[in-house]
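Written out below as structure tokens is the structure these notes cover.
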Amino acid sequence: MDLVIRNASLPDGRRAIDIAIEGGRIAAVGPVLPVQGAQEIDAAGDLVTPPFVDAHFHMDATLSYGLPRVNASGTLLEGIALWGELKPQLTQDALVQRALQYCDWAVARGLLAIRSHVDICDPRLLAVEALLDVKRQVAPYLDLQLVAFPQDGILRSPGAFDNLKRAIAMGVDVVGGIPHFERTMADGAESVRLLCEFACERGLMVDMHCDESDDPLSRHIETLAFHSQRLGMQGRVTGSHLTSMHSMDNYYVSKLLPLIREAGVAAIANPLINITLQARHDTYPKRRGMTRVPEMLAVGIPVAFGHDCVMDPWYSLGSGDMLEVAHMGLHVAQMTGQQAMHECFLAVTQTPATILGLDGYGIAPGCHADLVILDSSSTVEALRLRAARRLVLRRGKVVSEAPRAQSRLHLPGRPDSVNFRLGR
């Protein structure tokens, strides 16, 4: 074998497992495999997981913090206005360089697949060209899936639908939308119909910013579910954000959730950003801002977590760490049961991989040898520690490595170091 990883703990709870790799793919998985590798790595009981997956991001804006000015209020609407000020100043080279820098960060964090929305309301389509270039450059080490996103509204922004069609023709993968940003609720519903029919005709997936609002009457997710079922697009449609659901009455939600499940629509919450930008008008009591993650999981709706923003007009923090995203989601959704915490880990690994339709994802014979060895023994410990990525592998080759988290102590009568892991 090219490589054998020994004594790994896996996300499903199996321990003392070996993983044999040949030709960039996993050849065998099991305890004490009777094979030898040209290279062998001792995981020493640490967690070996498929790579992290970010199901919702805006790479065209990332690392633009402070350009042309800082979002003084920190609000969603100022962020949108600030992005409008920045767009005329964008250059393709600057977009490419910032995106490539972020992809370096992502690889170091074990994040090897990203779905990024790209604004198509600028008729120059500079951001589209830039991110298609980035997609080609990073393909050897990171899967980048692009969504044609009409930031200013597909009907509200003149020429946006034509721009979206051009972006798809250029190679953008997924049809996006933002129905709650159209001028009327009726226009929002019409935009959902038009975009879903367009995607259906071309066999494309759909991922819409949907109801990113505190308004309980923003109910475009219902329309999205309706058209997904009407057009037979189950499994190809995603609603992102869905924050109005945190303000809806329970009776309506009891009707809505089964409709979403029956329509095969997935959901993406963005914990860091949703709780930062939503409920800004509240004093107290104050809403949490994030959609109803536990309730959706309970009825069988796939739910992933996205990072959404890193150092851009909407969010001045972040570093590409999907464990930070899941850690925040766990707390906001009060998902502190053992299985619930594990679900939060899956929300940044297996679930978004399924939503994106990633080929060969997982730890099983035949899967791509894309793996991360974490400085932790379980998914829950990984979340608690936001564990260091000891090794990141792409197609069986190490692409990033980092030391274990350890601090030296100078305390009389106490150990000379700590690693923050219980019992080790």
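Naming scheme: A, B, ... for chains in displayed order of the structure tokens; residues 1 onward per chain; ligands 1 onward as shown.
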
List the neighbours of stretch 178-183 of chain A out to 8 Å using only C-alpha atoms; skip same-chain residues closer than 5 positions along the sequence, and give me the result as a ChimeraX atom specification. /A:149-156,188-189,191-192,208-213,218,220

Using the selection just defined, write its residues with N, CA and C atoms as a short mmCIF file (atom, residue, chain, number, x, y, z; two decimals), in the first residue's frame.
```cif
data_model
loop_
_atom_site.label_atom_id
_atom_site.label_comp_id
_atom_site.auth_asym_id
_atom_site.auth_seq_id
_atom_site.Cartn_x
_atom_site.Cartn_y
_atom_site.Cartn_z
N PHE A 149 -25.32 33.79 -7.45
CA PHE A 149 -26.11 34.43 -6.40
C PHE A 149 -26.48 35.86 -6.78
N PRO A 150 -27.78 36.14 -7.00
CA PRO A 150 -28.21 37.51 -7.31
C PRO A 150 -28.39 38.34 -6.03
N GLN A 151 -27.29 38.85 -5.50
CA GLN A 151 -27.30 39.55 -4.20
C GLN A 151 -28.37 40.63 -4.12
N ASP A 152 -28.61 41.34 -5.22
CA ASP A 152 -29.54 42.46 -5.21
C ASP A 152 -30.95 42.08 -5.67
N GLY A 153 -31.20 40.78 -5.84
CA GLY A 153 -32.53 40.32 -6.23
C GLY A 153 -32.60 40.02 -7.72
N ILE A 154 -33.08 38.84 -8.08
CA ILE A 154 -33.12 38.45 -9.48
C ILE A 154 -34.12 39.28 -10.28
N LEU A 155 -35.18 39.78 -9.63
CA LEU A 155 -36.16 40.65 -10.29
C LEU A 155 -35.90 42.11 -9.95
N ARG A 156 -35.38 42.37 -8.77
CA ARG A 156 -35.15 43.74 -8.31
C ARG A 156 -33.98 44.40 -9.03
N GLY A 188 -40.94 37.92 -4.55
CA GLY A 188 -40.09 36.88 -3.97
C GLY A 188 -40.56 35.49 -4.38
N ALA A 189 -41.88 35.26 -4.30
CA ALA A 189 -42.42 33.96 -4.70
C ALA A 189 -42.20 33.71 -6.19
N SER A 191 -39.78 34.90 -8.01
CA SER A 191 -38.36 34.63 -8.24
C SER A 191 -38.03 33.17 -7.95
N VAL A 192 -38.65 32.62 -6.92
CA VAL A 192 -38.42 31.21 -6.60
C VAL A 192 -38.90 30.33 -7.75
N MET A 208 -30.82 28.59 -2.29
CA MET A 208 -31.29 29.96 -2.15
C MET A 208 -31.08 30.49 -0.74
N HIS A 209 -30.55 31.72 -0.64
CA HIS A 209 -30.69 32.48 0.59
C HIS A 209 -32.20 32.67 0.79
N CYS A 210 -32.72 32.14 1.85
CA CYS A 210 -34.17 32.11 1.99
C CYS A 210 -34.58 32.59 3.37
N ASP A 211 -35.37 33.65 3.41
CA ASP A 211 -35.95 34.14 4.67
C ASP A 211 -34.88 34.48 5.69
N GLU A 212 -33.81 35.14 5.24
CA GLU A 212 -32.79 35.62 6.18
C GLU A 212 -33.32 36.91 6.81
N SER A 213 -34.29 36.73 7.69
CA SER A 213 -35.07 37.83 8.21
C SER A 213 -35.62 37.44 9.58
N SER A 218 -42.12 36.10 6.54
CA SER A 218 -41.24 35.78 5.41
C SER A 218 -41.22 34.25 5.28
N HIS A 220 -40.81 32.22 2.30
CA HIS A 220 -40.43 31.74 0.97
C HIS A 220 -39.93 30.30 0.99
#
```

Hey, what's within 9 Å of A:Phe345 if we count only C-alpha atoms and toss same-chain stuff fewer than 2 positions away? As an NGL selection string, please? :A and (11 or 323 or 326-327 or 340-343 or 347-350 or 379-380 or 382-383)

Wanna dump the stretch 300-343 of chain A-stretch 279-288 of chain A contacts at 12 Å for me, each residue with its shortest atom pair and the distance in Å to one decimal, counting only C-alpha atoms, ordered by chain and number, as a tab-separated table?
```
residue	atom	partner	partner_atom	distance
A:Met328	CA	A:Arg288	CA	11.7
A:Gly329	CA	A:Arg288	CA	10.9
A:His331	CA	A:Arg288	CA	10.5
A:Val332	CA	A:Arg288	CA	6.9
A:Ala333	CA	A:Arg288	CA	8.5
A:Gln334	CA	A:Arg288	CA	10.7
```

Would you put the residues from that selection into a file with all heavy atoms, as a CSV table (one decimal), in the first residue's frame?
```
chain,number,residue,atom,x,y,z
A,328,MET,N,-20.2,26.8,17.8
A,328,MET,CA,-21.2,27.9,18.1
A,328,MET,C,-22.6,27.3,17.8
A,328,MET,O,-23.6,27.6,18.6
A,328,MET,CB,-21.0,29.1,17.2
A,328,MET,CG,-21.9,30.2,17.4
A,328,MET,SD,-21.8,30.9,19.0
A,328,MET,CE,-20.2,31.8,18.9
A,329,GLY,N,-22.8,26.6,16.8
A,329,GLY,CA,-24.2,26.0,16.5
A,329,GLY,C,-24.7,25.1,17.6
A,329,GLY,O,-25.8,25.2,18.0
A,331,HIS,N,-24.0,25.4,20.8
A,331,HIS,CA,-24.4,26.2,21.9
A,331,HIS,C,-25.7,27.0,21.6
A,331,HIS,O,-26.6,27.0,22.5
A,331,HIS,CB,-23.3,27.2,22.3
A,331,HIS,CG,-22.2,26.6,23.0
A,331,HIS,ND1,-21.1,26.0,22.4
A,331,HIS,CD2,-21.9,26.5,24.3
A,331,HIS,CE1,-20.3,25.5,23.2
A,331,HIS,NE2,-20.7,25.8,24.4
A,332,VAL,N,-25.8,27.6,20.5
A,332,VAL,CA,-27.0,28.4,20.2
A,332,VAL,C,-28.3,27.5,20.1
A,332,VAL,O,-29.3,27.9,20.6
A,332,VAL,CB,-26.8,29.1,18.8
A,332,VAL,CG1,-28.1,29.9,18.5
A,332,VAL,CG2,-25.6,30.1,18.9
A,333,ALA,N,-28.1,26.3,19.6
A,333,ALA,CA,-29.3,25.4,19.4
A,333,ALA,C,-29.5,24.6,20.7
A,333,ALA,O,-30.4,23.7,20.7
A,333,ALA,CB,-29.1,24.5,18.2
A,334,GLN,N,-28.6,24.7,21.7
A,334,GLN,CA,-28.7,24.0,22.9
A,334,GLN,C,-28.7,22.5,22.7
A,334,GLN,O,-29.4,21.7,23.3
A,334,GLN,CB,-30.0,24.4,23.7
A,334,GLN,CG,-30.0,25.8,24.1
A,334,GLN,CD,-31.2,26.3,24.9
A,334,GLN,OE1,-32.3,25.7,24.7
A,334,GLN,NE2,-31.1,27.2,25.8
```

Interface rows for stretch 184-302 of chain A against stretch 38-62 of chain A: nearest pair, Å to one decimal, 10 Å, only C-alpha atoms, as a Markdown table:
```
| residue | atom | partner | partner_atom | distance |
| --- | --- | --- | --- | --- |
| A:Asp207 | CA | A:His56 | CA | 9.1 |
| A:His209 | CA | A:His56 | CA | 9.6 |
| A:Thr238 | CA | A:Ala55 | CA | 9.9 |
| A:Ser240 | CA | A:His56 | CA | 7.6 |
| A:His241 | CA | A:His56 | CA | 9.2 |
| A:Ala267 | CA | A:Ala55 | CA | 9.8 |
| A:Ile268 | CA | A:Ala55 | CA | 7.1 |
| A:Ala269 | CA | A:His56 | CA | 8.5 |
| A:Asn270 | CA | A:His56 | CA | 7.6 |
```

Requested write-out: N, CA and C atoms of the selected residues, as a CSV table (one decimal), in the first residue's frame:
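So the final result, stored in again.csv, reads:
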```csv
chain,number,residue,atom,x,y,z
A,207,ASP,N,-29.7,26.5,-4.5
A,207,ASP,CA,-29.4,26.8,-3.1
A,207,ASP,C,-29.7,28.3,-3.0
A,209,HIS,N,-30.6,31.7,-0.6
A,209,HIS,CA,-30.7,32.5,0.6
A,209,HIS,C,-32.2,32.7,0.8
A,238,THR,N,-31.8,23.4,-1.8
A,238,THR,CA,-31.4,23.8,-0.4
A,238,THR,C,-31.9,25.1,-0.1
A,240,SER,N,-31.0,28.1,2.5
A,240,SER,CA,-29.9,28.6,3.4
A,240,SER,C,-30.4,29.7,4.3
A,241,HIS,N,-30.0,29.7,5.5
A,241,HIS,CA,-30.3,30.7,6.6
A,241,HIS,C,-31.6,30.3,7.2
A,267,ALA,N,-31.4,22.0,4.5
A,267,ALA,CA,-31.3,23.3,5.2
A,267,ALA,C,-29.9,23.6,5.6
A,268,ILE,N,-29.5,24.8,5.5
A,268,ILE,CA,-28.1,25.2,5.9
A,268,ILE,C,-28.3,26.4,6.9
A,269,ALA,N,-27.8,26.2,8.1
A,269,ALA,CA,-27.8,27.3,9.1
A,269,ALA,C,-26.3,27.8,9.1
A,270,ASN,N,-26.2,29.1,9.5
A,270,ASN,CA,-24.9,29.7,9.6
A,270,ASN,C,-24.7,30.3,10.9
```

Per-residue DSSP, stretch 7-206 of chain A, filtered to helix (DSSP H, G or I), as a VMD selection string: chain A and resid 76 to 89 92 to 108 126 to 138 160 to 170 179 to 181 185 to 202

Output file for the residues above (C-alpha atoms, as a PDB file, in the first residue's frame):
```
ATOM      1  CA  LEU A  76     -26.714  42.960   7.723  1.00  0.00           C
ATOM      2  CA  LEU A  77     -28.100  45.964   5.853  1.00  0.00           C
ATOM      3  CA  GLU A  78     -24.940  48.033   6.276  1.00  0.00           C
ATOM      4  CA  GLY A  79     -22.976  45.025   5.102  1.00  0.00           C
ATOM      5  CA  ILE A  80     -25.084  44.801   1.929  1.00  0.00           C
ATOM      6  CA  ALA A  81     -24.681  48.556   1.363  1.00  0.00           C
ATOM      7  CA  LEU A  82     -20.931  48.294   1.962  1.00  0.00           C
ATOM      8  CA  TRP A  83     -20.641  45.444  -0.537  1.00  0.00           C
ATOM      9  CA  GLY A  84     -22.440  47.672  -3.052  1.00  0.00           C
ATOM     10  CA  GLU A  85     -19.791  50.360  -2.459  1.00  0.00           C
ATOM     11  CA  LEU A  86     -16.968  47.858  -2.824  1.00  0.00           C
ATOM     12  CA  LYS A  87     -18.134  46.134  -6.022  1.00  0.00           C
ATOM     13  CA  PRO A  88     -17.158  48.967  -8.421  1.00  0.00           C
ATOM     14  CA  GLN A  89     -13.637  48.911  -6.933  1.00  0.00           C
ATOM     15  CA  GLN A  92     -10.088  40.317 -10.785  1.00  0.00           C
ATOM     16  CA  ASP A  93      -6.520  39.940  -9.539  1.00  0.00           C
ATOM     17  CA  ALA A  94      -7.385  41.128  -6.021  1.00  0.00           C
ATOM     18  CA  LEU A  95     -10.392  38.783  -5.887  1.00  0.00           C
ATOM     19  CA  VAL A  96      -8.227  35.845  -6.955  1.00  0.00           C
ATOM     20  CA  GLN A  97      -5.455  36.586  -4.476  1.00  0.00           C
ATOM     21  CA  ARG A  98      -7.814  36.971  -1.514  1.00  0.00           C
ATOM     22  CA  ALA A  99      -9.662  33.783  -2.428  1.00  0.00           C
ATOM     23  CA  LEU A 100      -6.432  31.819  -2.826  1.00  0.00           C
ATOM     24  CA  GLN A 101      -5.235  33.048   0.551  1.00  0.00           C
ATOM     25  CA  TYR A 102      -8.492  31.895   2.123  1.00  0.00           C
ATOM     26  CA  CYS A 103      -8.168  28.497   0.439  1.00  0.00           C
ATOM     27  CA  ASP A 104      -4.716  28.185   2.053  1.00  0.00           C
ATOM     28  CA  TRP A 105      -6.362  28.827   5.415  1.00  0.00           C
ATOM     29  CA  ALA A 106      -9.079  26.286   4.597  1.00  0.00           C
ATOM     30  CA  VAL A 107      -6.597  23.516   3.783  1.00  0.00           C
ATOM     31  CA  ALA A 108      -4.723  24.176   7.027  1.00  0.00           C
ATOM     32  CA  LEU A 126     -15.657  39.943 -12.514  1.00  0.00           C
ATOM     33  CA  ALA A 127     -16.237  37.866  -9.407  1.00  0.00           C
ATOM     34  CA  VAL A 128     -17.519  34.953 -11.475  1.00  0.00           C
ATOM     35  CA  GLU A 129     -14.443  34.992 -13.694  1.00  0.00           C
ATOM     36  CA  ALA A 130     -12.178  35.306 -10.674  1.00  0.00           C
ATOM     37  CA  LEU A 131     -13.690  32.420  -8.736  1.00  0.00           C
ATOM     38  CA  LEU A 132     -13.811  30.160 -11.790  1.00  0.00           C
ATOM     39  CA  ASP A 133     -10.068  30.834 -12.090  1.00  0.00           C
ATOM     40  CA  VAL A 134      -9.627  30.039  -8.390  1.00  0.00           C
ATOM     41  CA  LYS A 135     -11.682  26.857  -8.777  1.00  0.00           C
ATOM     42  CA  ARG A 136      -9.288  25.646 -11.480  1.00  0.00           C
ATOM     43  CA  GLN A 137      -6.202  26.554  -9.445  1.00  0.00           C
ATOM     44  CA  VAL A 138      -7.292  24.870  -6.215  1.00  0.00           C
ATOM     45  CA  ALA A 160     -29.726  40.008 -13.009  1.00  0.00           C
ATOM     46  CA  PHE A 161     -31.475  37.013 -14.578  1.00  0.00           C
ATOM     47  CA  ASP A 162     -29.492  37.410 -17.803  1.00  0.00           C
ATOM     48  CA  ASN A 163     -26.313  37.713 -15.743  1.00  0.00           C
ATOM     49  CA  LEU A 164     -27.210  34.530 -13.864  1.00  0.00           C
ATOM     50  CA  LYS A 165     -27.741  32.652 -17.119  1.00  0.00           C
ATOM     51  CA  ARG A 166     -24.368  33.901 -18.384  1.00  0.00           C
ATOM     52  CA  ALA A 167     -22.679  32.798 -15.167  1.00  0.00           C
ATOM     53  CA  ILE A 168     -24.143  29.298 -15.487  1.00  0.00           C
ATOM     54  CA  ALA A 169     -22.971  29.149 -19.111  1.00  0.00           C
ATOM     55  CA  MET A 170     -19.468  30.111 -17.956  1.00  0.00           C
ATOM     56  CA  PRO A 179     -36.493  35.929  -2.541  1.00  0.00           C
ATOM     57  CA  HIS A 180     -36.868  37.883   0.713  1.00  0.00           C
ATOM     58  CA  PHE A 181     -34.806  40.735  -0.803  1.00  0.00           C
ATOM     59  CA  MET A 185     -43.532  39.050  -1.185  1.00  0.00           C
ATOM     60  CA  ALA A 186     -45.189  38.293  -4.521  1.00  0.00           C
ATOM     61  CA  ASP A 187     -41.971  39.092  -6.403  1.00  0.00           C
ATOM     62  CA  GLY A 188     -40.090  36.880  -3.971  1.00  0.00           C
ATOM     63  CA  ALA A 189     -42.418  33.963  -4.704  1.00  0.00           C
ATOM     64  CA  GLU A 190     -42.157  34.617  -8.451  1.00  0.00           C
ATOM     65  CA  SER A 191     -38.356  34.634  -8.242  1.00  0.00           C
ATOM     66  CA  VAL A 192     -38.421  31.208  -6.598  1.00  0.00           C
ATOM     67  CA  ARG A 193     -40.615  29.839  -9.386  1.00  0.00           C
ATOM     68  CA  LEU A 194     -38.471  31.276 -12.171  1.00  0.00           C
ATOM     69  CA  LEU A 195     -35.187  30.103 -10.697  1.00  0.00           C
ATOM     70  CA  CYS A 196     -36.403  26.612  -9.847  1.00  0.00           C
ATOM     71  CA  GLU A 197     -37.816  26.125 -13.336  1.00  0.00           C
ATOM     72  CA  PHE A 198     -34.569  27.385 -14.877  1.00  0.00           C
ATOM     73  CA  ALA A 199     -32.528  24.982 -12.730  1.00  0.00           C
ATOM     74  CA  CYS A 200     -34.867  22.082 -13.459  1.00  0.00           C
ATOM     75  CA  GLU A 201     -34.609  22.599 -17.216  1.00  0.00           C
ATOM     76  CA  ARG A 202     -30.817  22.394 -16.998  1.00  0.00           C
TER      77      ARG A 202
END
```

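Atom CA of A:Gly289 sits 20.0 Å away from atom CA of A:Ile260.
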
Please provide as a PyMOL selection string all residues within 12 Å of A:Ala387, with the sequence filter that same-chain residues fewer than 6 positions apart are discarded (counting only C-alpha atoms). chain A and resi 46-48+109-110+321-324+327+372-381+402-406+419-421

May I have the residues within 7 Å of stretch 13-30 of chain A as a CSV table (one decimal) with N, CA, C and O atoms, in the first residue's frame, using only C-alpha atoms and disregarding those fewer than 2 positions away in the same chain?
```
chain,number,residue,atom,x,y,z
A,1,MET,N,0.8,-1.2,0.0
A,1,MET,CA,0.0,0.0,0.0
A,1,MET,C,0.9,1.3,0.0
A,1,MET,O,2.0,1.3,0.5
A,2,ASP,N,0.3,2.3,-0.6
A,2,ASP,CA,1.1,3.6,-0.5
A,2,ASP,C,1.2,4.1,0.9
A,2,ASP,O,2.2,4.7,1.3
A,3,LEU,N,0.1,4.0,1.6
A,3,LEU,CA,0.1,4.6,3.0
A,3,LEU,C,-0.9,3.7,3.8
A,3,LEU,O,-1.9,3.3,3.4
A,4,VAL,N,-0.5,3.5,5.1
A,4,VAL,CA,-1.4,2.9,6.1
A,4,VAL,C,-1.4,3.8,7.3
A,4,VAL,O,-0.4,4.1,7.9
A,5,ILE,N,-2.6,4.2,7.7
A,5,ILE,CA,-2.8,4.9,9.0
A,5,ILE,C,-3.2,3.9,10.0
A,5,ILE,O,-4.2,3.1,9.8
A,6,ARG,N,-2.5,3.8,11.1
A,6,ARG,CA,-2.7,2.8,12.1
A,6,ARG,C,-3.4,3.4,13.4
A,6,ARG,O,-3.2,4.6,13.7
A,7,ASN,N,-4.2,2.6,14.0
A,7,ASN,CA,-4.7,2.9,15.4
A,7,ASN,C,-5.5,4.2,15.4
A,7,ASN,O,-5.3,5.1,16.2
A,8,ALA,N,-6.5,4.3,14.5
A,8,ALA,CA,-7.3,5.5,14.4
A,8,ALA,C,-8.6,5.3,15.1
A,8,ALA,O,-9.2,4.2,15.1
A,9,SER,N,-9.2,6.4,15.6
A,9,SER,CA,-10.5,6.4,16.1
A,9,SER,C,-11.4,7.1,15.0
A,9,SER,O,-10.9,8.0,14.3
A,10,LEU,N,-12.6,6.5,14.7
A,10,LEU,CA,-13.4,7.1,13.6
A,10,LEU,C,-14.6,7.8,14.2
A,10,LEU,O,-15.0,7.5,15.3
A,11,PRO,N,-15.2,8.7,13.4
A,11,PRO,CA,-16.4,9.4,13.9
A,11,PRO,C,-17.6,8.5,14.3
A,11,PRO,O,-18.4,9.0,15.1
A,32,VAL,N,-6.3,-3.8,12.7
A,32,VAL,CA,-5.0,-4.5,12.5
A,32,VAL,C,-5.0,-5.1,11.1
A,32,VAL,O,-4.9,-6.4,10.9
A,33,LEU,N,-5.1,-4.3,10.1
A,33,LEU,CA,-5.0,-4.8,8.7
A,33,LEU,C,-3.7,-5.5,8.4
A,33,LEU,O,-2.6,-4.9,8.8
A,45,GLY,N,-4.6,6.6,18.4
A,45,GLY,CA,-5.9,6.7,19.0
A,45,GLY,C,-6.6,8.0,18.7
A,45,GLY,O,-7.8,8.2,19.1
A,364,ALA,N,-14.3,4.6,3.7
A,364,ALA,CA,-14.8,3.3,3.3
A,364,ALA,C,-14.0,2.9,2.1
A,364,ALA,O,-13.5,3.8,1.3
A,365,PRO,N,-13.8,1.6,1.8
A,365,PRO,CA,-13.1,1.3,0.6
A,365,PRO,C,-13.7,1.9,-0.7
A,365,PRO,O,-14.9,1.9,-0.8
A,366,GLY,N,-12.9,2.5,-1.5
A,366,GLY,CA,-13.3,3.2,-2.7
A,366,GLY,C,-13.4,4.7,-2.6
A,366,GLY,O,-13.4,5.4,-3.6
A,367,CYS,N,-13.5,5.2,-1.3
A,367,CYS,CA,-13.6,6.6,-1.1
A,367,CYS,C,-12.2,7.3,-1.4
A,367,CYS,O,-11.2,6.6,-1.3
A,368,HIS,N,-12.3,8.5,-1.8
A,368,HIS,CA,-11.0,9.3,-1.9
A,368,HIS,C,-10.3,9.3,-0.5
A,368,HIS,O,-11.0,9.4,0.5
A,369,ALA,N,-9.0,9.3,-0.6
A,369,ALA,CA,-8.2,9.3,0.7
A,369,ALA,C,-8.0,10.8,1.1
A,369,ALA,O,-6.9,11.3,1.1
A,395,ARG,N,-6.1,13.0,-1.3
A,395,ARG,CA,-5.8,11.9,-2.2
A,395,ARG,C,-4.6,11.1,-1.7
A,395,ARG,O,-3.7,10.7,-2.4
A,396,GLY,N,-4.5,11.0,-0.3
A,396,GLY,CA,-3.5,10.2,0.3
A,396,GLY,C,-2.2,10.9,0.5
A,396,GLY,O,-1.2,10.3,1.0
```

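Proximity of A:Val392, A:Met205, A:Leu411, A:Val253 to A:Gly239, computed with only C-alpha atoms, is greatest for A:Met205.
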
DSSP-assigned strand (DSSP E) among stretch 204-258 of chain A, expressed as a ChimeraX atom specification: /A:205-210,237-241

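The gap separating atom CA of A:Ala298 from atom CA of A:Thr351 is 14.6 Å, in Å to one decimal.
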
Contacts of A:Arg69 within 9 Å, only C-alpha atoms, excl. fewer than 2 positions in-chain, as an NGL selection string: :A and (65-67 or 71-72 or 82 or 86 or 313)

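Atom CA of A:Arg394 lies 13.0 Å from atom CA of A:Ile363.
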